[in-house]
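Novice: File start18.txt follows (compact mmCIF, C-alpha atoms):
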# COMPACT_ATOMS: atom_id res chain seq x y z
CA MET F 1 85.28 110.15 124.62
CA LYS F 2 83.24 110.31 121.44
CA LYS F 3 85.20 110.67 118.19
CA THR F 4 83.35 110.71 114.88
CA ALA F 5 84.70 109.61 111.51
CA LEU F 6 83.65 109.47 107.88
CA ILE F 7 84.93 106.38 106.04
CA LEU F 8 84.93 106.30 102.24
CA GLU F 9 85.24 103.16 100.13
CA GLY F 10 86.84 103.35 96.67
CA GLY F 11 85.53 101.87 93.45
CA ALA F 12 86.85 104.29 90.82
CA MET F 13 83.89 106.05 89.18
CA ARG F 14 81.45 104.44 91.57
CA GLY F 15 82.95 107.10 93.80
CA MET F 16 80.57 109.62 92.22
CA PHE F 17 77.96 108.07 94.52
CA SER F 18 80.07 108.92 97.55
CA CYS F 19 80.62 112.44 96.20
CA GLY F 20 76.87 112.95 96.10
CA VAL F 21 76.54 111.82 99.70
CA THR F 22 79.40 113.95 101.00
CA ASP F 23 78.28 117.03 99.07
CA VAL F 24 74.94 116.81 100.90
CA PHE F 25 76.86 116.60 104.17
CA LEU F 26 78.90 119.68 103.25
CA GLU F 27 75.87 121.68 102.24
CA ASN F 28 74.12 120.84 105.49
CA GLY F 29 76.98 121.42 107.91
CA VAL F 30 77.60 117.77 108.87
CA GLU F 31 81.11 117.53 110.29
CA PHE F 32 83.39 114.79 111.57
CA ASP F 33 86.47 114.67 113.76
CA GLY F 34 88.26 112.53 111.19
CA ALA F 35 87.88 110.87 107.82
CA ALA F 36 89.58 108.09 105.89
CA GLY F 37 89.50 107.36 102.19
CA ILE F 38 90.75 104.52 100.06
CA SER F 39 91.46 104.83 96.32
CA ALA F 40 88.66 106.99 94.85
CA GLY F 41 87.58 107.63 98.43
CA ALA F 42 90.92 109.39 98.89
CA ALA F 43 91.15 111.11 95.49
CA PHE F 44 87.60 112.47 95.69
CA GLY F 45 87.18 112.53 99.48
CA CYS F 46 89.85 115.20 99.86
CA ASN F 47 87.22 117.67 98.64
CA PHE F 48 85.25 117.08 101.82
CA LYS F 49 88.16 118.36 103.91
CA SER F 50 88.70 121.31 101.53
CA ARG F 51 84.94 122.01 101.70
CA GLN F 52 84.58 122.07 97.90
CA ALA F 53 81.11 120.70 97.29
CA GLY F 54 80.52 119.88 93.63
CA ARG F 55 84.18 119.93 92.60
CA ALA F 56 84.67 116.20 92.00
CA ILE F 57 81.57 115.71 89.85
CA ARG F 58 82.35 118.93 87.99
CA TYR F 59 85.87 118.07 86.85
CA ASN F 60 85.04 114.43 86.16
CA LYS F 61 82.22 115.45 83.85
CA ARG F 62 84.34 118.12 82.19
CA TYR F 63 87.53 116.16 81.65
CA GLY F 64 86.50 112.50 81.80
CA ARG F 65 86.70 112.10 78.03
CA ASP F 66 89.98 113.97 77.70
CA PRO F 67 92.65 111.39 76.75
CA ARG F 68 95.06 113.10 79.15
CA TYR F 69 92.70 112.18 81.99
CA CYS F 70 92.08 108.49 81.30
CA SER F 71 92.91 106.57 78.13
CA VAL F 72 94.79 103.67 76.65
CA ARG F 73 96.99 106.30 75.03
CA SER F 74 97.94 107.59 78.46
CA LEU F 75 98.64 104.04 79.62
CA VAL F 76 100.92 103.36 76.66
CA LYS F 77 102.73 106.70 76.85
CA THR F 78 103.09 107.06 80.62
CA GLY F 79 102.36 103.69 82.22
CA ASP F 80 99.27 105.15 83.91
CA LEU F 81 95.72 104.70 82.63
CA TYR F 82 94.82 107.84 84.60
CA GLY F 83 97.42 110.40 83.54
CA ALA F 84 99.39 111.36 86.63
CA ASP F 85 100.43 114.83 85.48
CA PHE F 86 96.98 115.78 84.21
CA CYS F 87 94.99 114.31 87.11
CA TYR F 88 97.27 115.26 89.96
CA ARG F 89 98.88 118.50 88.77
CA GLN F 90 97.05 120.22 85.93
CA ILE F 91 93.54 119.73 87.31
CA PRO F 92 94.22 120.61 90.98
CA ASP F 93 96.73 123.37 90.22
CA VAL F 94 95.25 125.03 87.13
CA LEU F 95 92.03 123.71 85.60
CA ASP F 96 89.84 123.23 88.71
CA PRO F 97 91.95 124.40 91.65
CA PHE F 98 92.06 122.36 94.81
CA ASP F 99 91.68 124.73 97.80
CA ARG F 100 94.79 123.84 99.76
CA ASP F 101 94.27 126.69 102.22
CA ALA F 102 90.81 125.41 103.16
CA PHE F 103 92.16 121.85 103.33
CA ARG F 104 94.94 122.90 105.70
CA GLU F 105 92.69 125.06 107.88
CA ASN F 106 89.99 122.42 108.35
CA PRO F 107 90.85 120.69 111.67
CA MET F 108 89.34 117.37 110.56
CA ALA F 109 92.04 114.69 110.34
CA PHE F 110 92.12 113.00 106.92
CA TYR F 111 93.82 109.64 106.34
CA VAL F 112 94.43 107.68 103.18
CA GLY F 113 95.51 104.08 102.75
CA ALA F 114 97.74 102.46 100.12
CA THR F 115 99.39 99.07 99.59
CA ASP F 116 103.14 98.61 100.03
CA VAL F 117 104.20 96.68 96.93
CA MET F 118 107.10 94.94 98.67
CA THR F 119 105.13 93.63 101.65
CA GLY F 120 101.58 93.50 100.29
CA GLU F 121 100.41 95.23 103.46
CA ALA F 122 98.31 98.33 103.98
CA VAL F 123 100.01 101.57 105.02
CA TYR F 124 98.29 104.79 106.04
CA HIS F 125 99.14 108.44 106.09
CA ARG F 126 97.51 111.53 107.56
CA LEU F 127 97.15 114.35 105.02
CA ASP F 128 97.45 117.78 106.59
CA ASP F 129 98.26 120.48 104.04
CA GLY F 130 97.17 119.26 100.59
CA GLY F 131 100.67 119.82 99.28
CA SER F 132 102.71 117.75 96.85
CA ASP F 133 103.38 114.93 99.34
CA ASP F 134 99.69 114.67 100.18
CA ILE F 135 98.80 114.61 96.49
CA ARG F 136 101.27 111.75 95.95
CA TRP F 137 99.56 109.79 98.71
CA MET F 138 96.18 110.33 97.03
CA ARG F 139 97.64 109.19 93.73
CA ALA F 140 99.22 106.13 95.35
CA SER F 141 95.96 105.18 97.05
CA ALA F 142 94.15 105.27 93.69
CA SER F 143 96.85 103.61 91.53
CA MET F 144 95.20 100.43 90.27
CA PRO F 145 97.51 97.44 89.67
CA LEU F 146 98.53 96.62 86.09
CA VAL F 147 97.28 99.96 84.75
CA SER F 148 99.32 102.24 87.04
CA ARG F 149 102.94 102.62 87.97
CA PRO F 150 103.76 102.17 91.65
CA VAL F 151 104.21 105.54 93.35
CA ARG F 152 107.38 106.15 95.32
CA ILE F 153 106.98 107.97 98.63
CA GLY F 154 110.06 108.01 100.82
CA ASP F 155 111.48 104.50 100.84
CA ARG F 156 108.19 102.88 99.88
CA TRP F 157 106.60 101.99 96.55
CA LEU F 158 102.81 102.06 96.76
CA LEU F 159 99.69 100.99 94.86
CA ASP F 160 95.91 101.04 95.35
CA GLY F 161 94.86 100.81 98.97
CA GLY F 162 91.75 98.84 98.03
CA ILE F 163 93.86 95.77 97.32
CA VAL F 164 94.11 94.97 101.03
CA ASP F 165 91.85 97.40 102.92
CA ALA F 166 88.84 98.47 100.88
CA VAL F 167 86.97 100.06 103.82
CA PRO F 168 89.33 101.25 106.58
CA PHE F 169 86.87 101.12 109.46
CA ALA F 170 89.17 98.95 111.58
CA TYR F 171 92.06 101.36 111.11
CA MET F 172 89.92 104.29 112.26
CA GLU F 173 88.59 102.32 115.22
CA GLY F 174 92.20 101.62 116.16
CA LEU F 175 92.80 105.38 116.28
CA GLY F 176 89.94 105.78 118.73
CA TYR F 177 87.15 106.83 116.37
CA ASN F 178 84.05 105.21 117.83
CA ARG F 179 81.07 106.89 116.10
CA ASN F 180 81.61 106.25 112.43
CA VAL F 181 79.69 106.68 109.18
CA ALA F 182 80.80 104.51 106.24
CA VAL F 183 79.86 105.33 102.65
CA LEU F 184 80.07 102.24 100.45
CA THR F 185 79.73 102.02 96.69
CA GLN F 186 78.12 98.58 96.42
CA PRO F 187 74.64 97.57 97.63
CA LYS F 188 73.99 95.57 100.78
CA GLY F 189 74.79 91.90 100.32
CA TYR F 190 77.38 92.43 97.61
CA ARG F 191 80.34 90.06 97.83
CA LYS F 192 83.41 89.86 95.62
CA SER F 193 84.31 86.79 93.58
CA PRO F 194 87.88 85.62 93.08
CA VAL F 195 89.85 87.82 90.71
CA LYS F 196 89.60 86.62 87.11
CA GLY F 197 92.80 86.31 85.15
CA MET F 198 95.12 85.84 88.10
CA ALA F 199 97.74 84.44 85.73
CA LEU F 200 97.84 87.86 84.05
CA PHE F 201 98.11 89.61 87.39
CA ARG F 202 100.95 87.34 88.49
CA LEU F 203 102.74 88.01 85.21
CA GLY F 204 102.20 91.76 85.32
CA LEU F 205 103.14 91.94 88.99
CA ARG F 206 106.04 89.52 88.83
CA LYS F 207 108.32 92.17 90.35
CA TYR F 208 105.89 92.47 93.25
CA PRO F 209 104.83 88.96 94.23
CA ALA F 210 103.42 90.16 97.55
CA VAL F 211 100.90 92.32 95.70
CA ALA F 212 100.01 89.47 93.35
CA GLU F 213 99.36 87.27 96.38
CA ALA F 214 97.25 89.99 97.96
CA MET F 215 95.19 90.22 94.77
CA ALA F 216 94.61 86.46 94.87
CA HIS F 217 93.07 86.81 98.32
CA ARG F 218 91.43 90.19 97.84
CA HIS F 219 87.91 88.78 97.66
CA GLU F 220 88.39 86.94 100.95
CA ARG F 221 89.49 90.10 102.76
CA TYR F 222 86.73 92.17 101.23
CA ASN F 223 83.98 89.69 102.02
CA ALA F 224 85.21 89.35 105.61
CA GLN F 225 85.09 93.14 105.91
CA MET F 226 81.52 93.20 104.65
CA GLU F 227 80.53 90.64 107.29
CA GLN F 228 82.16 92.79 109.97
CA ILE F 229 80.48 95.92 108.64
CA ASP F 230 77.07 94.22 108.57
CA ALA F 231 77.55 93.10 112.19
CA ARG F 232 78.51 96.62 113.30
CA GLU F 233 75.58 98.09 111.41
CA ALA F 234 73.16 95.63 113.04
CA ALA F 235 74.58 96.48 116.47
CA GLY F 236 74.08 100.19 115.84
CA ILE F 237 77.75 101.10 116.23
CA LEU F 238 78.37 101.91 112.56
CA LEU F 239 76.04 103.81 110.26
CA VAL F 240 76.33 102.65 106.65
CA ILE F 241 75.17 104.52 103.55
CA ARG F 242 75.22 102.50 100.34
CA PRO F 243 73.39 102.33 97.01
CA GLU F 244 70.04 100.57 97.10
CA ALA F 245 71.04 98.57 93.99
CA GLY F 246 74.09 98.11 91.79
CA LEU F 247 75.15 101.41 90.26
CA GLY F 248 75.56 100.02 86.74
CA ILE F 249 78.64 102.09 86.03
CA SER F 250 82.08 100.96 84.91
CA ARG F 251 85.22 101.75 86.87
CA THR F 252 86.40 104.00 84.02
CA GLU F 253 83.05 105.53 83.06
CA ASN F 254 83.45 108.87 81.26
CA ASP F 255 79.92 109.59 80.05
CA PRO F 256 78.89 112.83 81.80
CA GLU F 257 75.26 111.72 81.96
CA GLN F 258 76.17 108.46 83.69
CA LEU F 259 78.48 110.22 86.12
CA GLU F 260 75.73 112.70 86.93
CA ARG F 261 73.18 109.89 87.35
CA VAL F 262 75.33 108.10 89.92
CA TYR F 263 76.16 111.36 91.68
CA ARG F 264 72.42 112.09 91.95
CA LEU F 265 71.82 108.65 93.44
CA GLY F 266 74.38 109.53 96.10
CA ARG F 267 72.73 112.87 96.77
CA ALA F 268 69.36 111.15 97.12
CA GLN F 269 70.75 108.76 99.73
CA GLY F 270 72.53 111.58 101.52
CA GLU F 271 69.33 113.58 101.74
CA LYS F 272 67.29 110.54 102.75
CA ARG F 273 69.65 109.65 105.58
CA LEU F 274 70.65 113.17 106.64
CA GLU F 275 68.63 113.42 109.85
CA GLU F 276 69.54 109.86 110.78
CA VAL F 277 73.23 110.73 110.38
CA ARG F 278 72.86 113.84 112.50
CA ALA F 279 71.12 111.90 115.26
CA PHE F 280 73.74 109.15 115.13
CA LEU F 281 76.63 111.60 115.42
CA GLU F 282 75.01 113.50 118.28
CA ARG F 283 74.30 110.39 120.39
Would you mind writing the file's structure down as structure tokens?
Specialist:
Amino acid sequence: MKKTALILEGGAMRGMFSCGVTDVFLENGVEFDGAAGISAGAAFGCNFKSRQAGRAIRYNKRYGRDPRYCSVRSLVKTGDLYGADFCYRQIPDVLDPFDRDAFRENPMAFYVGATDVMTGEAVYHRLDDGGSDDIRWMRASASMPLVSRPVRIGDRWLLDGGIVDAVPFAYMEGLGYNRNVAVLTQPKGYRKSPVKGMALFRLGLRKYPAVAEAMAHRHERYNAQMEQIDAREAAGILLVIRPEAGLGISRTENDPEQLERVYRLGRAQGEKRLEEVRAFLER
């Protein structure tokens, strides 16, 4: 049985590229049986399930320079570079409301991945109602090590899912999704280098040695994933949308013009590949 999925890589503000792609999908009625997002792919990808085209680029441009959103001040005061209360309560509840009713009513399954800080392994959760528990999972998935506090959910403490599973195609395949579209935020051929400053990571993560070890091997996991993705793409069993060149944007970019530029690059790729995506999903 055919099951289609949308798979969203993270990359912090490189995620504006993915938002451009998915907004084109929303505006043109492209639907999937399921979706999975990691880090920014979770925090921004939720808007695909709630059918809120334009929301992610709108609030990032409006509030990106607000120190409550992302700042060293927030890091010093709260332990989170991206302010948890502002990003995950004030924006979705008050300033640019997240449509929880639409999220809940959309039958598409939506999964996010995070890293268990005690085991250094990936854990996943299906988000169904967009409520407070779901929001905590989004926050956990996007909580970058050293600049974020681990997020407690149940008996687990969680950090950024991209540490161990940057593109969760294998997880979705394991759930039976066999016609998948992956949106990546790096160009074809990109490979990670070993993390610089591992001594700092080991010091900062000394309470969580499993995460520090995962960071030391992150580039190996990521590069192996890219090889697997390239092989699936060549075999025609995975459709991949990615930037044609490096996006030239920092992970914490807050310049509205730069955010809009990267978003427009995503829209251009979404429009360019739209009919190809439709044909692929209908096969």
Novice: Do a neighbour search on Asp101 of chain F at 9 Å with all atoms listed in the file, toss out local chain neighbours closer than 5 positions, and write the hits as a count of residues only.
Specialist: 4
Novice: Write out as a PyMOL selection string each polymer residue whose atoms come within 10 Å of Thr78 of chain F, counting only C-alpha atoms; drop sequence neighbours fewer than 6 positions from it.
Specialist: chain F and resi 72+84-85+148-149
Novice: Compile the contact shell of segment 25-42 of chain F as a PyMOL selection string: residues with an atom at most 9 Å away, counting all atoms listed in the file, same-chain residues fewer than 4 positions apart removed.
Specialist: chain F and resi 3-16+18-21+46+48-49+51-53+107-114+126+137-144+160-162+165-169+171-172+177+180+270-271+274+277-278+281
Novice: How big is the axis-aligned box around the listed atoms of segment 9-27 of chain F once 8 Å is added on each side, and where is its centre? Give both in Å to one decimal, as AutoDock Vina command-line options.
Specialist:
--center_x 80.9 --center_y 111.8 --center_z 96.7 --size_x 27.9 --size_y 35.8 --size_z 31.0
Novice: Restricting the calculation to only C-alpha atoms: of F:Ala43, F:Leu146, F:Cys87, F:Leu127, which residue gets closest to Leu205 of chain F?
Specialist: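 Ranked by minimum distance to Leu205 of chain F, first place goes to F:Leu146.
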Novice: With a distance cut-off of 6 Å and only C-alpha atoms, select the neighbouring residues of Leu81 of chain F, excluding the residue or stretch itself and same-chain residues fewer than 3 positions from it, and output the selection as a list in words.
Specialist: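 The residues satisfying every condition are Cys70, Ser71, Ser74, Leu75 and Val147 of chain F.
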Novice: Export C-alpha atoms of the chosen residues as a compact mmCIF listing (two decimals), keeping the file's coordinate frame?
Specialist:
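Heads up, here's the output in result-v2.txt:
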# COMPACT_ATOMS: atom_id res chain seq x y z
CA CYS F 70 92.08 108.49 81.30
CA SER F 71 92.91 106.57 78.13
CA SER F 74 97.94 107.59 78.46
CA LEU F 75 98.64 104.04 79.62
CA VAL F 147 97.28 99.96 84.75
Novice: Any idea what the distance is between atom CA of Lys61 of chain F and atom CA of Leu158 of chain F?
Specialist: 27.7 Å
Novice: Measure the distance from atom CA of Glu253 of chain F to atom CA of Ile241 of chain F in Å and round it to one decimal.
Specialist: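 Computed distance, atom CA of Glu253 of chain F to atom CA of Ile241 of chain F, equals 22.0 Å.
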Novice: May I ask for the distance between atom CA of Tyr59 of chain F and atom CA of Ile91 of chain F, given in Å to one decimal place?
Specialist: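 If I compute the distance from atom CA of Tyr59 of chain F to atom CA of Ile91 of chain F, I get 7.9 Å.
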Novice: For segment 222-239 of chain F, please output as a ChimeraX atom specification all residues within 7 Å (counting only C-alpha atoms; exclusion window: fewer than 6 positions along the same chain).
Specialist: /F:166,179-182,191-192
Novice: Kindly indicate which residue among F:Pro92, F:Glu105, F:Ile163, F:Glu257 lies nearest to Ile135 of chain F, using all atoms listed in the file for the distances.
Specialist: F:Pro92
Novice: Which is closer to Asp116 of chain F than all the others in F:Tyr208, F:Tyr82, F:Tyr63, F:Phe98, using only C-alpha atoms?
Specialist: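 Between F:Tyr208, F:Tyr82, F:Tyr63, F:Phe98, the residue approaching Asp116 of chain F most closely is F:Tyr208.
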Novice: Where atoms are missing, can you supply all heavy atoms for segment 264-275 of chain F and output the lot as a tab-separated table (two decimals), in the frame of the given file?
Specialist:
chain	number	residue	atom	x	y	z
F	264	ARG	N	73.76	111.76	91.46
F	264	ARG	CA	72.42	112.09	91.95
F	264	ARG	C	71.87	110.98	92.85
F	264	ARG	O	71.15	111.25	93.82
F	264	ARG	CB	71.48	112.32	90.76
F	264	ARG	CG	71.78	113.61	90.00
F	264	ARG	CD	71.45	114.83	90.83
F	264	ARG	NE	72.04	116.04	90.27
F	264	ARG	CZ	71.99	117.22	90.88
F	264	ARG	NH1	71.38	117.34	92.05
F	264	ARG	NH2	72.57	118.28	90.33
F	265	LEU	N	72.21	109.74	92.55
F	265	LEU	CA	71.82	108.65	93.44
F	265	LEU	C	72.46	108.84	94.81
F	265	LEU	O	71.82	108.59	95.85
F	265	LEU	CB	72.23	107.30	92.85
F	265	LEU	CG	71.45	106.83	91.61
F	265	LEU	CD1	72.10	105.56	91.05
F	265	LEU	CD2	69.99	106.56	91.98
F	266	GLY	N	73.72	109.26	94.83
F	266	GLY	CA	74.38	109.53	96.10
F	266	GLY	C	73.73	110.68	96.83
F	266	GLY	O	73.51	110.61	98.06
F	267	ARG	N	73.41	111.74	96.14
F	267	ARG	CA	72.73	112.87	96.77
F	267	ARG	C	71.38	112.43	97.37
F	267	ARG	O	71.02	112.85	98.48
F	267	ARG	CB	72.51	114.01	95.77
F	267	ARG	CG	73.77	114.75	95.37
F	267	ARG	CD	73.42	116.07	94.65
F	267	ARG	NE	72.68	116.95	95.53
F	267	ARG	CZ	73.24	117.88	96.32
F	267	ARG	NH1	74.55	118.03	96.33
F	267	ARG	NH2	72.49	118.65	97.09
F	268	ALA	N	70.66	111.61	96.62
F	268	ALA	CA	69.36	111.15	97.12
F	268	ALA	C	69.51	110.37	98.42
F	268	ALA	O	68.73	110.55	99.37
F	268	ALA	CB	68.67	110.30	96.06
F	269	GLN	N	70.53	109.51	98.50
F	269	GLN	CA	70.75	108.76	99.73
F	269	GLN	C	71.23	109.67	100.85
F	269	GLN	O	70.84	109.50	102.02
F	269	GLN	CB	71.77	107.64	99.50
F	269	GLN	CG	71.20	106.41	98.82
F	269	GLN	CD	70.08	105.77	99.62
F	269	GLN	OE1	70.25	105.44	100.79
F	269	GLN	NE2	68.92	105.61	99.00
F	270	GLY	N	72.08	110.64	100.51
F	270	GLY	CA	72.53	111.58	101.52
F	270	GLY	C	71.38	112.37	102.12
F	270	GLY	O	71.31	112.56	103.34
F	271	GLU	N	70.48	112.82	101.26
F	271	GLU	CA	69.33	113.58	101.74
F	271	GLU	C	68.38	112.71	102.53
F	271	GLU	O	67.84	113.12	103.57
F	271	GLU	CB	68.62	114.23	100.55
F	271	GLU	CG	69.45	115.33	99.90
F	271	GLU	CD	68.96	115.72	98.51
F	271	GLU	OE1	67.98	115.07	98.03
F	271	GLU	OE2	69.55	116.63	97.91
F	272	LYS	N	68.19	111.48	102.07
F	272	LYS	CA	67.29	110.54	102.75
F	272	LYS	C	67.77	110.21	104.15
F	272	LYS	O	66.97	110.06	105.08
F	272	LYS	CB	67.16	109.28	101.91
F	272	LYS	CG	66.26	108.20	102.50
F	272	LYS	CD	66.22	106.99	101.58
F	272	LYS	CE	65.37	105.87	102.16
F	272	LYS	NZ	65.30	104.68	101.25
F	273	ARG	N	69.08	110.09	104.31
F	273	ARG	CA	69.65	109.65	105.58
F	273	ARG	C	70.17	110.80	106.44
F	273	ARG	O	70.74	110.56	107.53
F	273	ARG	CB	70.80	108.67	105.31
F	273	ARG	CG	70.46	107.47	104.43
F	273	ARG	CD	69.60	106.44	105.10
F	273	ARG	NE	70.25	105.84	106.25
F	273	ARG	CZ	71.15	104.85	106.18
F	273	ARG	NH1	71.53	104.37	105.00
F	273	ARG	NH2	71.66	104.33	107.28
F	274	LEU	N	70.01	112.03	105.99
F	274	LEU	CA	70.65	113.17	106.64
F	274	LEU	C	70.29	113.29	108.13
F	274	LEU	O	71.19	113.41	108.98
F	274	LEU	CB	70.28	114.46	105.90
F	274	LEU	CG	70.89	115.75	106.45
F	274	LEU	CD1	72.40	115.71	106.39
F	274	LEU	CD2	70.36	116.95	105.65
F	275	GLU	N	69.02	113.25	108.45
F	275	GLU	CA	68.63	113.42	109.85
F	275	GLU	C	69.07	112.22	110.69
F	275	GLU	O	69.42	112.37	111.87
F	275	GLU	CB	67.13	113.65	109.95
F	275	GLU	CG	66.67	114.96	109.33
F	275	GLU	CD	67.47	116.16	109.82
F	275	GLU	OE1	67.70	116.26	111.06
F	275	GLU	OE2	67.86	117.00	109.00
